[in-house]
>>> print(open('run39.csv').read())   # CSV, C-alpha atoms
chain,number,residue,atom,x,y,z
Q,5,MET,CA,29.4,36.0,238.4
Q,6,THR,CA,30.2,32.3,237.9
Q,7,GLN,CA,32.7,33.2,235.2
Q,8,ASN,CA,34.4,35.7,237.5
Q,9,MET,CA,34.7,33.1,240.3
Q,10,THR,CA,36.1,30.6,237.8
Q,11,ARG,CA,38.7,33.1,236.6
Q,12,ALA,CA,39.7,33.9,240.2
Q,13,ILE,CA,40.1,30.3,241.1
Q,14,GLN,CA,42.2,29.7,238.0
Q,15,SER,CA,44.4,32.7,238.7
Q,16,ASN,CA,45.1,31.4,242.2
Q,17,ARG,CA,46.2,28.0,241.0
Q,18,PRO,CA,49.9,27.3,240.7
Q,19,ALA,CA,51.3,27.2,237.2
Q,20,ALA,CA,51.4,23.7,235.8
Q,21,ARG,CA,54.8,22.2,235.5
Q,22,PRO,CA,56.0,21.5,231.9
Q,23,ALA,CA,55.7,17.8,231.0
Q,24,LYS,CA,59.0,16.0,231.1
Q,25,PRO,CA,60.3,14.8,227.8
Q,26,HIS,CA,59.5,11.3,226.7
Q,27,TRP,CA,63.1,10.1,226.7
Q,28,PHE,CA,63.5,11.3,230.3
Q,29,ARG,CA,60.5,9.3,231.4
Q,30,HIS,CA,61.8,6.3,229.6
Q,31,ILE,CA,65.2,6.5,231.3
Q,32,ARG,CA,63.5,6.9,234.7
Q,33,ASN,CA,61.4,3.9,234.1
Q,34,ASN,CA,64.2,1.7,232.8
Q,35,PRO,CA,67.4,2.7,234.7
Q,36,GLY,CA,68.9,-0.8,234.5
Q,37,LEU,CA,68.8,-0.9,230.7
Q,38,TYR,CA,70.5,2.5,230.4
Q,39,LEU,CA,73.1,1.5,233.0
Q,40,MET,CA,74.1,-1.4,230.8
Q,41,VAL,CA,74.7,1.1,228.0
Q,42,VAL,CA,77.0,3.3,230.0
Q,43,PRO,CA,80.2,1.2,229.5
Q,44,GLY,CA,79.6,1.1,225.7
Q,45,ILE,CA,79.2,4.9,225.6
Q,46,ILE,CA,82.3,5.4,227.6
Q,47,TYR,CA,84.2,3.1,225.3
Q,48,PHE,CA,83.1,4.9,222.1
Q,49,VAL,CA,83.8,8.4,223.7
Q,50,VAL,CA,87.3,7.5,224.9
Q,51,PHE,CA,88.5,5.3,222.1
Q,52,ARG,CA,86.5,6.6,219.1
Q,53,TYR,CA,85.6,10.2,219.5
Q,54,VAL,CA,88.4,11.6,221.6
Q,55,PRO,CA,91.1,10.3,219.2
Q,56,LEU,CA,89.4,12.2,216.4
Q,57,LEU,CA,91.0,15.3,217.9
Q,58,GLY,CA,94.3,13.8,216.9
Q,59,SER,CA,93.3,14.1,213.2
Q,60,ALA,CA,94.5,17.7,213.4
Q,61,ILE,CA,98.1,16.5,213.1
Q,62,ALA,CA,97.3,15.7,209.4
Q,63,PHE,CA,97.5,19.4,208.8
Q,64,GLN,CA,100.6,20.0,210.9
Q,65,ASP,CA,104.3,19.3,210.8
Q,66,TYR,CA,103.8,17.3,214.0
Q,67,ASN,CA,106.6,17.1,216.5
Q,68,ILE,CA,106.2,14.7,219.4
Q,69,PHE,CA,108.1,17.0,221.7
Q,70,LYS,CA,106.0,20.1,220.9
Q,71,GLY,CA,102.7,18.3,220.8
Q,72,ILE,CA,99.6,19.2,218.9
Q,73,THR,CA,99.2,22.7,220.3
Q,74,ASP,CA,102.7,23.9,219.5
Q,75,SER,CA,103.4,22.1,216.2
Q,76,ASN,CA,103.5,24.1,213.0
Q,77,TRP,CA,100.5,24.1,210.7
Q,78,VAL,CA,101.3,23.2,207.1
Q,79,GLY,CA,97.8,23.0,205.6
Q,80,PHE,CA,97.3,20.2,202.9
Q,81,LYS,CA,101.0,19.6,202.5
Q,82,TRP,CA,100.8,15.9,203.5
Q,83,PHE,CA,97.8,15.2,201.3
Q,84,GLU,CA,99.6,16.7,198.4
Q,85,GLN,CA,102.6,14.5,199.2
Q,86,MET,CA,100.4,11.5,199.4
Q,87,TYR,CA,98.8,12.2,196.0
Q,88,THR,CA,102.2,12.9,194.3
Q,89,PHE,CA,103.8,9.8,195.9
Q,90,PRO,CA,105.0,7.7,192.9
Q,91,ASN,CA,103.6,4.4,194.3
Q,92,PHE,CA,100.3,5.8,195.6
Q,93,LYS,CA,98.5,4.6,192.5
Q,94,ARG,CA,99.8,1.0,193.0
Q,95,LEU,CA,98.9,1.1,196.7
Q,96,LEU,CA,95.3,2.3,195.9
Q,97,VAL,CA,94.8,-0.3,193.1
Q,98,ASN,CA,96.1,-3.1,195.3
Q,99,THR,CA,93.8,-2.1,198.1
Q,100,LEU,CA,90.8,-1.8,195.9
Q,101,ILE,CA,91.5,-5.2,194.1
Q,102,ILE,CA,91.9,-7.1,197.4
Q,103,SER,CA,88.8,-5.4,198.8
Q,104,PHE,CA,86.8,-6.2,195.7
Q,105,TYR,CA,87.9,-9.9,195.9
Q,106,GLN,CA,86.8,-9.9,199.6
Q,107,LEU,CA,83.4,-8.5,198.6
Q,108,ILE,CA,82.9,-11.0,195.8
Q,109,PHE,CA,84.2,-14.2,197.5
Q,110,ALA,CA,84.5,-13.7,201.3
Q,111,PHE,CA,81.3,-11.7,201.9
Q,112,PRO,CA,78.8,-14.3,200.5
Q,113,ALA,CA,80.6,-17.2,202.2
Q,114,PRO,CA,79.0,-16.8,205.6
Q,115,ILE,CA,75.5,-16.4,204.0
Q,116,ILE,CA,75.9,-19.6,202.1
Q,117,LEU,CA,77.3,-21.4,205.2
Q,118,ALA,CA,74.4,-20.1,207.3
Q,119,CYS,CA,71.8,-21.4,204.8
Q,120,MET,CA,73.5,-24.8,204.7
Q,121,MET,CA,73.7,-25.0,208.5
Q,122,ASN,CA,70.0,-24.0,208.7
Q,123,GLU,CA,69.1,-27.0,206.7
Q,124,LEU,CA,70.6,-29.4,209.3
Q,125,SER,CA,67.9,-31.1,211.2
Q,126,ARG,CA,70.0,-32.7,213.9
Q,127,THR,CA,70.6,-30.1,216.7
Q,128,ARG,CA,73.6,-32.0,218.1
Q,129,MET,CA,75.4,-32.0,214.7
Q,130,LYS,CA,74.5,-28.4,214.1
Q,131,GLN,CA,76.1,-27.4,217.5
Q,132,TRP,CA,79.3,-29.3,216.7
Q,133,MET,CA,79.5,-27.8,213.3
Q,134,GLN,CA,79.1,-24.3,214.7
Q,135,THR,CA,81.8,-24.9,217.3
Q,136,ILE,CA,84.3,-26.2,214.7
Q,137,LEU,CA,83.7,-23.4,212.3
Q,138,TYR,CA,83.9,-20.7,214.9
Q,139,LEU,CA,87.3,-21.8,216.2
Q,140,PRO,CA,89.5,-20.2,213.5
Q,141,HIS,CA,88.2,-16.8,214.4
Q,142,PHE,CA,89.9,-17.0,217.8
Q,143,LEU,CA,93.3,-17.7,216.3
Q,144,SER,CA,95.7,-14.8,215.7
Q,145,TRP,CA,97.0,-14.1,212.2
Q,146,THR,CA,100.5,-15.1,213.4
Q,147,ILE,CA,99.3,-18.6,214.2
Q,148,ILE,CA,97.4,-18.8,210.9
Q,149,PHE,CA,100.5,-17.7,209.0
Q,150,ALA,CA,102.5,-20.5,210.8
Q,151,LEU,CA,99.9,-23.0,209.7
Q,152,VAL,CA,100.0,-21.8,206.1
Q,153,TYR,CA,103.8,-21.7,206.1
Q,154,SER,CA,103.9,-25.4,207.3
Q,155,LEU,CA,101.6,-26.2,204.4
Q,156,LEU,CA,103.0,-24.0,201.5
Q,157,SER,CA,106.6,-23.4,202.4
Q,158,SER,CA,109.1,-24.3,199.7
Q,159,GLN,CA,111.5,-25.7,202.3
Q,160,SER,CA,109.4,-27.7,204.7
Q,161,GLY,CA,105.9,-27.3,203.3
Q,162,LEU,CA,103.7,-30.3,203.2
Q,163,LEU,CA,102.3,-29.5,199.7
Q,164,ASN,CA,105.7,-29.0,198.2
Q,165,HIS,CA,106.9,-32.3,199.8
Q,166,TYR,CA,104.2,-34.2,197.9
Q,167,LEU,CA,104.9,-32.3,194.7
Q,168,THR,CA,108.5,-33.3,194.7
Q,169,GLN,CA,107.7,-36.9,195.6
Q,170,TRP,CA,105.3,-37.1,192.6
Q,171,GLY,CA,108.0,-35.8,190.3
Q,172,GLY,CA,107.0,-32.2,190.2
Q,173,THR,CA,109.0,-29.1,191.1
Q,174,GLU,CA,108.8,-26.9,194.1
Q,175,ILE,CA,106.5,-23.9,194.0
Q,176,HIS,CA,107.3,-20.8,196.0
Q,177,PHE,CA,103.7,-20.1,197.0
Q,178,LEU,CA,104.6,-17.4,199.6
Q,179,GLN,CA,107.1,-15.6,197.4
Q,180,GLU,CA,105.2,-15.7,194.1
Q,181,PRO,CA,103.1,-12.5,193.4
Q,182,GLY,CA,100.5,-14.6,191.5
Q,183,TYR,CA,99.5,-16.6,194.6
Q,184,PHE,CA,99.5,-13.8,197.1
Q,185,ARG,CA,95.9,-12.5,196.7
Q,186,THR,CA,94.5,-16.0,196.5
Q,187,ILE,CA,96.2,-17.0,199.8
Q,188,VAL,CA,95.1,-13.8,201.5
Q,189,ILE,CA,91.4,-14.2,200.4
Q,190,SER,CA,91.4,-17.9,201.2
Q,191,THR,CA,92.8,-17.6,204.6
Q,192,GLY,CA,90.5,-14.7,205.4
Q,193,MET,CA,87.5,-16.8,204.4
Q,194,TRP,CA,88.6,-19.8,206.4
Q,195,LYS,CA,89.2,-17.6,209.5
Q,196,GLU,CA,86.1,-15.5,209.5
Q,197,MET,CA,83.5,-17.5,207.6
Q,198,GLY,CA,82.2,-19.4,210.6
Q,199,TRP,CA,82.1,-16.4,212.9
Q,200,GLY,CA,80.2,-14.4,210.2
Q,201,THR,CA,77.4,-16.9,210.2
Q,202,ILE,CA,76.3,-15.8,213.7
Q,203,ILE,CA,74.3,-12.8,212.5
Q,204,TYR,CA,72.7,-14.8,209.6
Q,205,LEU,CA,71.8,-17.7,211.8
Q,206,ALA,CA,70.2,-15.3,214.3
Q,207,ALA,CA,68.1,-13.8,211.4
Q,208,LEU,CA,67.0,-17.3,210.3
Q,209,ALA,CA,66.2,-18.3,213.9
Q,210,GLY,CA,63.5,-15.5,213.9
Q,211,VAL,CA,61.6,-17.0,211.0
Q,212,ASN,CA,58.2,-18.3,211.9
Q,213,PRO,CA,58.3,-22.2,211.5
Q,214,SER,CA,54.6,-22.0,210.4
Q,215,LEU,CA,55.8,-20.4,207.2
Q,216,TYR,CA,57.8,-23.5,206.2
Q,217,GLU,CA,54.9,-25.7,207.3
Q,218,ALA,CA,52.5,-23.8,205.1
Q,219,ALA,CA,54.9,-23.9,202.2
Q,220,THR,CA,55.3,-27.7,202.6
Q,221,VAL,CA,51.5,-28.2,202.6
Q,222,ASP,CA,51.3,-26.1,199.4
Q,223,GLY,CA,53.8,-28.4,197.8
Q,224,ALA,CA,56.9,-26.2,197.9
Q,225,GLY,CA,60.2,-28.0,197.9
Q,226,ARG,CA,63.3,-26.9,199.9
Q,227,TRP,CA,64.5,-24.8,197.0
Q,228,LYS,CA,61.3,-22.8,196.7
Q,229,GLN,CA,61.1,-22.5,200.5
Q,230,PHE,CA,64.6,-21.0,200.3
Q,231,LEU,CA,63.7,-18.5,197.5
Q,232,HIS,CA,60.4,-17.3,199.0
Q,233,ILE,CA,61.0,-17.6,202.8
Q,234,THR,CA,64.7,-17.9,203.8
Q,235,ALA,CA,66.2,-15.5,201.3
Q,236,PRO,CA,63.8,-12.6,202.0
Q,237,GLU,CA,64.4,-13.0,205.7
Q,238,LEU,CA,68.2,-12.6,205.1
Q,239,ILE,CA,67.9,-9.5,203.0
Q,240,PRO,CA,67.8,-6.9,205.8
Q,241,ALA,CA,70.8,-8.3,207.6
Q,242,THR,CA,72.7,-8.8,204.4
Q,243,MET,CA,72.1,-5.3,203.2
Q,244,ILE,CA,73.2,-3.7,206.5
Q,245,LEU,CA,76.5,-5.8,206.6
Q,246,LEU,CA,77.1,-5.1,202.9
Q,247,LEU,CA,76.8,-1.3,203.5
Q,248,LEU,CA,79.2,-1.5,206.4
Q,249,LYS,CA,81.6,-3.5,204.3
Q,250,ILE,CA,81.4,-0.9,201.5
Q,251,GLY,CA,82.1,1.8,204.1
Q,252,HIS,CA,85.3,0.0,205.0
Q,253,ILE,CA,86.4,-0.6,201.4
Q,254,LEU,CA,89.9,0.7,202.1
Q,255,ASP,CA,90.2,-1.2,205.3
Q,256,ILE,CA,91.1,-4.7,204.3
Q,257,GLY,CA,92.8,-5.9,207.4
Q,258,PHE,CA,96.4,-4.7,208.2
Q,259,GLU,CA,97.4,-7.8,210.3
Q,260,GLN,CA,96.4,-10.3,207.6
Q,261,ILE,CA,98.3,-8.5,204.8
Q,262,TYR,CA,101.3,-7.7,206.9
Q,263,VAL,CA,102.1,-11.3,208.1
Q,264,PHE,CA,101.9,-12.6,204.5
Q,265,LEU,CA,103.6,-9.6,202.8
Q,266,THR,CA,107.2,-10.0,201.6
Q,267,PRO,CA,109.4,-7.7,199.4
Q,268,ALA,CA,108.8,-10.2,196.5
Q,269,THR,CA,105.0,-9.6,196.7
Q,270,TYR,CA,105.0,-5.8,197.2
Q,271,SER,CA,103.8,-5.3,193.6
Q,272,VAL,CA,100.4,-7.0,194.4
Q,273,GLY,CA,100.2,-7.0,198.2
Q,274,ASP,CA,101.5,-3.6,199.4
Q,275,VAL,CA,98.4,-1.7,200.4
Q,276,ILE,CA,97.6,1.6,202.0
Q,277,ASP,CA,97.6,0.2,205.5
Q,278,THR,CA,101.0,-1.4,205.2
Q,279,TYR,CA,102.5,1.7,203.7
Q,280,ALA,CA,101.0,3.9,206.4
Q,281,TYR,CA,102.6,1.6,209.0
Q,282,ARG,CA,106.0,1.9,207.4
Q,283,ALA,CA,105.7,5.6,207.0
Q,284,GLY,CA,104.1,6.4,210.3
Q,285,LEU,CA,105.7,4.1,212.9
Q,286,LEU,CA,108.9,2.9,211.3
Q,287,ASN,CA,109.9,6.2,209.7
Q,288,GLY,CA,108.3,8.6,212.2
Q,289,GLN,CA,106.1,10.5,209.7
Q,290,TYR,CA,103.1,10.7,212.0
Q,291,SER,CA,101.4,13.6,210.2
Q,292,PHE,CA,101.8,11.8,206.8
Q,293,ALA,CA,100.3,8.6,208.3
Q,294,THR,CA,97.5,10.5,209.8
Q,295,ALA,CA,96.7,12.2,206.5
Q,296,ILE,CA,96.5,8.7,204.9
Q,297,GLY,CA,94.1,7.5,207.6
Q,298,LEU,CA,92.0,10.6,207.2
Q,299,PHE,CA,91.9,10.1,203.5
Q,300,LYS,CA,90.6,6.5,204.0
Q,301,SER,CA,88.0,7.7,206.5
Q,302,ILE,CA,86.6,10.3,204.1
Q,303,VAL,CA,86.5,7.9,201.2
Q,304,GLY,CA,84.8,5.3,203.3
Q,305,PHE,CA,82.2,7.8,204.6
Q,306,LEU,CA,81.4,8.9,201.0
Q,307,MET,CA,81.1,5.4,199.8
Q,308,LEU,CA,78.8,4.5,202.7
Q,309,VAL,CA,76.5,7.5,202.0
Q,310,ILE,CA,76.3,6.7,198.3
Q,311,ALA,CA,75.7,3.0,198.8
Q,312,ASN,CA,73.1,3.6,201.5
Q,313,ARG,CA,71.1,5.9,199.1
Q,314,ILE,CA,71.3,3.4,196.3
Q,315,SER,CA,70.1,0.6,198.7
Q,316,LYS,CA,67.2,2.7,200.0
Q,317,ALA,CA,66.1,3.5,196.4
Q,318,THR,CA,66.4,-0.1,195.2
Q,319,THR,CA,65.6,-2.4,198.1
Q,320,GLY,CA,64.1,-0.1,200.7
Q,321,GLN,CA,66.8,-1.2,203.2
Q,322,GLY,CA,69.4,1.1,204.7
Q,323,LEU,CA,71.3,2.1,207.8
Q,324,TYR,CA,69.2,5.2,208.3
>>> encode(input="run39.csv", output="C-alpha cells")
Amino acid sequence: MTQNMTRAIQSNRPAARPAKPHWFRHIRNNPGLYLMVVPGIIYFVVFRYVPLLGSAIAFQDYNIFKGITDSNWVGFKWFEQMYTFPNFKRLLVNTLIISFYQLIFAFPAPIILACMMNELSRTRMKQWMQTILYLPHFLSWTIIFALVYSLLSSQSGLLNHYLTQWGGTEIHFLQEPGYFRTIVISTGMWKEMGWGTIIYLAALAGVNPSLYEAATVDGAGRWKQFLHITAPELIPATMILLLLKIGHILDIGFEQIYVFLTPATYSVGDVIDTYAYRAGLLNGQYSFATAIGLFKSIVGFLMLVIANRISKATTGQGLY
C-alpha cells in the first residue's frame, strides 16, 4: 500500500525541469565579464569572419560592377597563373629569407631585452628604460624611413657625410641590394623590440620571488637562477609566440618592406605582399591578389598545425 501511495504522489508531481548548461549559469552569474567581451566578438565577426566570404573572388573573374554574385567562375585559373608567374619563385624565396632572418634575429631580441630589464633592481630606472624602448613602436614606418634616410642617404646622410670627411667613398645603402635585408631587419628590431618585451616581462612578473631567495640561499648565482628559474618560466609564452610567428611566416610586414623597397632592390626585397599590392590595387587584378592572399593563409595554417604538433610532442606546450 505504501508503495502504491508513493507511486501516486510521484505521478502527480510536475516533471523536473532539465538543468541549465554550465556555460549558461556562468554567463548569468558573470554578466559584466561577458559584456566586456561583446565588442571584441563584434570586431572579429565584422572584420575577420565576414571578409572571409570575399575569398570567393579568388575563384572568379571578379568584376567590381557585377559583384561577387554575378561575376564568372573560373576555378583555379588565378592559382595556376600565380604558380606559372616567372618571378613567383623569386618572390617566395625573398619572403622566406626575410621571414627566416626575422625569426633568427628579431624574435629572440625581446626575450633577451626582457631578461636584461628583469635584472634591474632600481624600479625608477626600469620604468624609464621601458618608456624609452616602447616609444619606437608608436612611430609609423614612414617616419622611421625618414630617420633612416637622414642617416644613410648618399646625398645628405649623416653616415656618408663622415665617410667622405674621413677620406672614404659614399655608399648607397638604400640602393644597394646587399644592404636591404640588413636595414629591414635592423629597423624592425629597433621598432618592435621594446614593445615585444611586454609579454615576457608580464611572465617574469608572475615568478614567485621566494624561488630566487631559496636559490640564493642554496648558493646559486645569477646565471644559474636564470637557467633554472627565469628561463623555464619564459618557455610557455615563448612557445606560443613562436607558433604564432610561424603561422605568419609569409606575412613579414607590407608597410616596412614597401617604404624601403626601390626598383634597384627588387631582386632581394620584392616579396609576395608587395607584388600582391601592385597586382591587386595598382593593376586592378582583384581576383589574382585574393588568390595570393588565400595561398598565404593556407600555407600559414598548415605551418601552424605542423609546428604546434611538433611543439606538443617535444615540449608539451602548444596553442591547443
>>> residues_near_point(input="run39.csv", point="(68.5, -3.5, 212.0)", cutoff="10 Å", atoms="all atoms listed in the file", output="PDB file with C-alpha atoms, in the frame of the given file")
ATOM      1  CA  PRO Q 240      67.800  -6.900 205.800  1.00  0.00           C
ATOM      2  CA  ALA Q 241      70.800  -8.300 207.600  1.00  0.00           C
ATOM      3  CA  MET Q 243      72.100  -5.300 203.200  1.00  0.00           C
ATOM      4  CA  ILE Q 244      73.200  -3.700 206.500  1.00  0.00           C
ATOM      5  CA  LEU Q 245      76.500  -5.800 206.600  1.00  0.00           C
ATOM      6  CA  GLN Q 321      66.800  -1.200 203.200  1.00  0.00           C
ATOM      7  CA  GLY Q 322      69.400   1.100 204.700  1.00  0.00           C
ATOM      8  CA  LEU Q 323      71.300   2.100 207.800  1.00  0.00           C
ATOM      9  CA  TYR Q 324      69.200   5.200 208.300  1.00  0.00           C
TER      10      TYR Q 324
END
>>> closest_atom_pairs(input="run39.csv", of="region 36-120 of chain Q", to="region 302-317 of chain Q", cutoff="12 Å", atoms="all atoms listed in the file", output="tab-separated table")
residue	atom	partner	partner_atom	distance
Q:Ser59	CA	Q:Ile302	CA	11.9
Q:Leu96	CA	Q:Val303	CA	11.7
Q:Leu100	CA	Q:Val303	CA	11.9
>>> write_last_selection(input="run39.csv", atoms="C-alpha atoms", output="PDB file, in the frame of the given file")
ATOM      1  CA  SER Q  59      93.300  14.100 213.200  1.00  0.00           C
ATOM      2  CA  LEU Q  96      95.300   2.300 195.900  1.00  0.00           C
ATOM      3  CA  LEU Q 100      90.800  -1.800 195.900  1.00  0.00           C
TER       4      LEU Q 100
END
>>> atom_distance(input="run39.csv", atom1="CA of Leu137 (chain Q)", atom2="CA of Leu162 (chain Q)")
23.0 Å
>>> atom_distance(input="run39.csv", atom1="CA of Leu231 (chain Q)", atom2="CA of Pro112 (chain Q)")
16.0 Å
>>> closest_residue(input="run39.csv", among="Q:Trp170, Q:Trp132, Q:Tyr216, Q:Phe92", to="Asp277 (chain Q)", atoms="only C-alpha atoms")
Q:Phe92
>>> atom_distance(input="run39.csv", atom1="CA of Ala280 (chain Q)", atom2="CA of Ala293 (chain Q)")
5.1 Å
>>> residues_around(input="run39.csv", residues="His141 (chain Q)", least_positions_apart="6", cutoff="7 Å", atoms="all atoms listed in the file", output="list in words")
Lys195, Glu196 and Trp199 of chain Q
>>> closest_residue(input="run39.csv", among="Q:Tyr153, Q:Phe80, Q:Tyr166, Q:Trp194", to="Pro114 (chain Q)", atoms="all atoms listed in the file")
Q:Trp194
>>> closest_residue(input="run39.csv", among="Q:Val263, Q:Leu238, Q:Leu254, Q:Leu107", to="Ala207 (chain Q)", atoms="all atoms listed in the file")
Q:Leu238
>>> closest_residue(input="run39.csv", among="Q:Ser103, Q:Asn98, Q:Gln134, Q:Met121", to="Lys249 (chain Q)", atoms="only C-alpha atoms")
Q:Ser103
>>> closest_residue(input="run39.csv", among="Q:Ala219, Q:His165, Q:Ser291, Q:Lys81", to="Tyr66 (chain Q)", atoms="all atoms listed in the file")
Q:Ser291
>>> residues_around(input="run39.csv", residues="region 85-87 of chain Q", least_positions_apart="6", cutoff="12 Å", atoms="all atoms listed in the file", output="list of chain:residue names")
Q:Ala62, Q:Phe63, Q:Val78, Q:Gly79, Q:Lys93, Q:Arg94, Q:Leu95, Q:Leu96, Q:Ile276, Q:Tyr279, Q:Ala280, Q:Ala283, Q:Gln289, Q:Ser291, Q:Phe292, Q:Ala293, Q:Thr294, Q:Ala295, Q:Ile296, Q:Gly297, Q:Leu298, Q:Phe299, Q:Lys300
>>> closest_residue(input="run39.csv", among="Q:Ile256, Q:Ala60, Q:Met40, Q:Ile239", to="Asp274 (chain Q)", atoms="all atoms listed in the file")
Q:Ile256
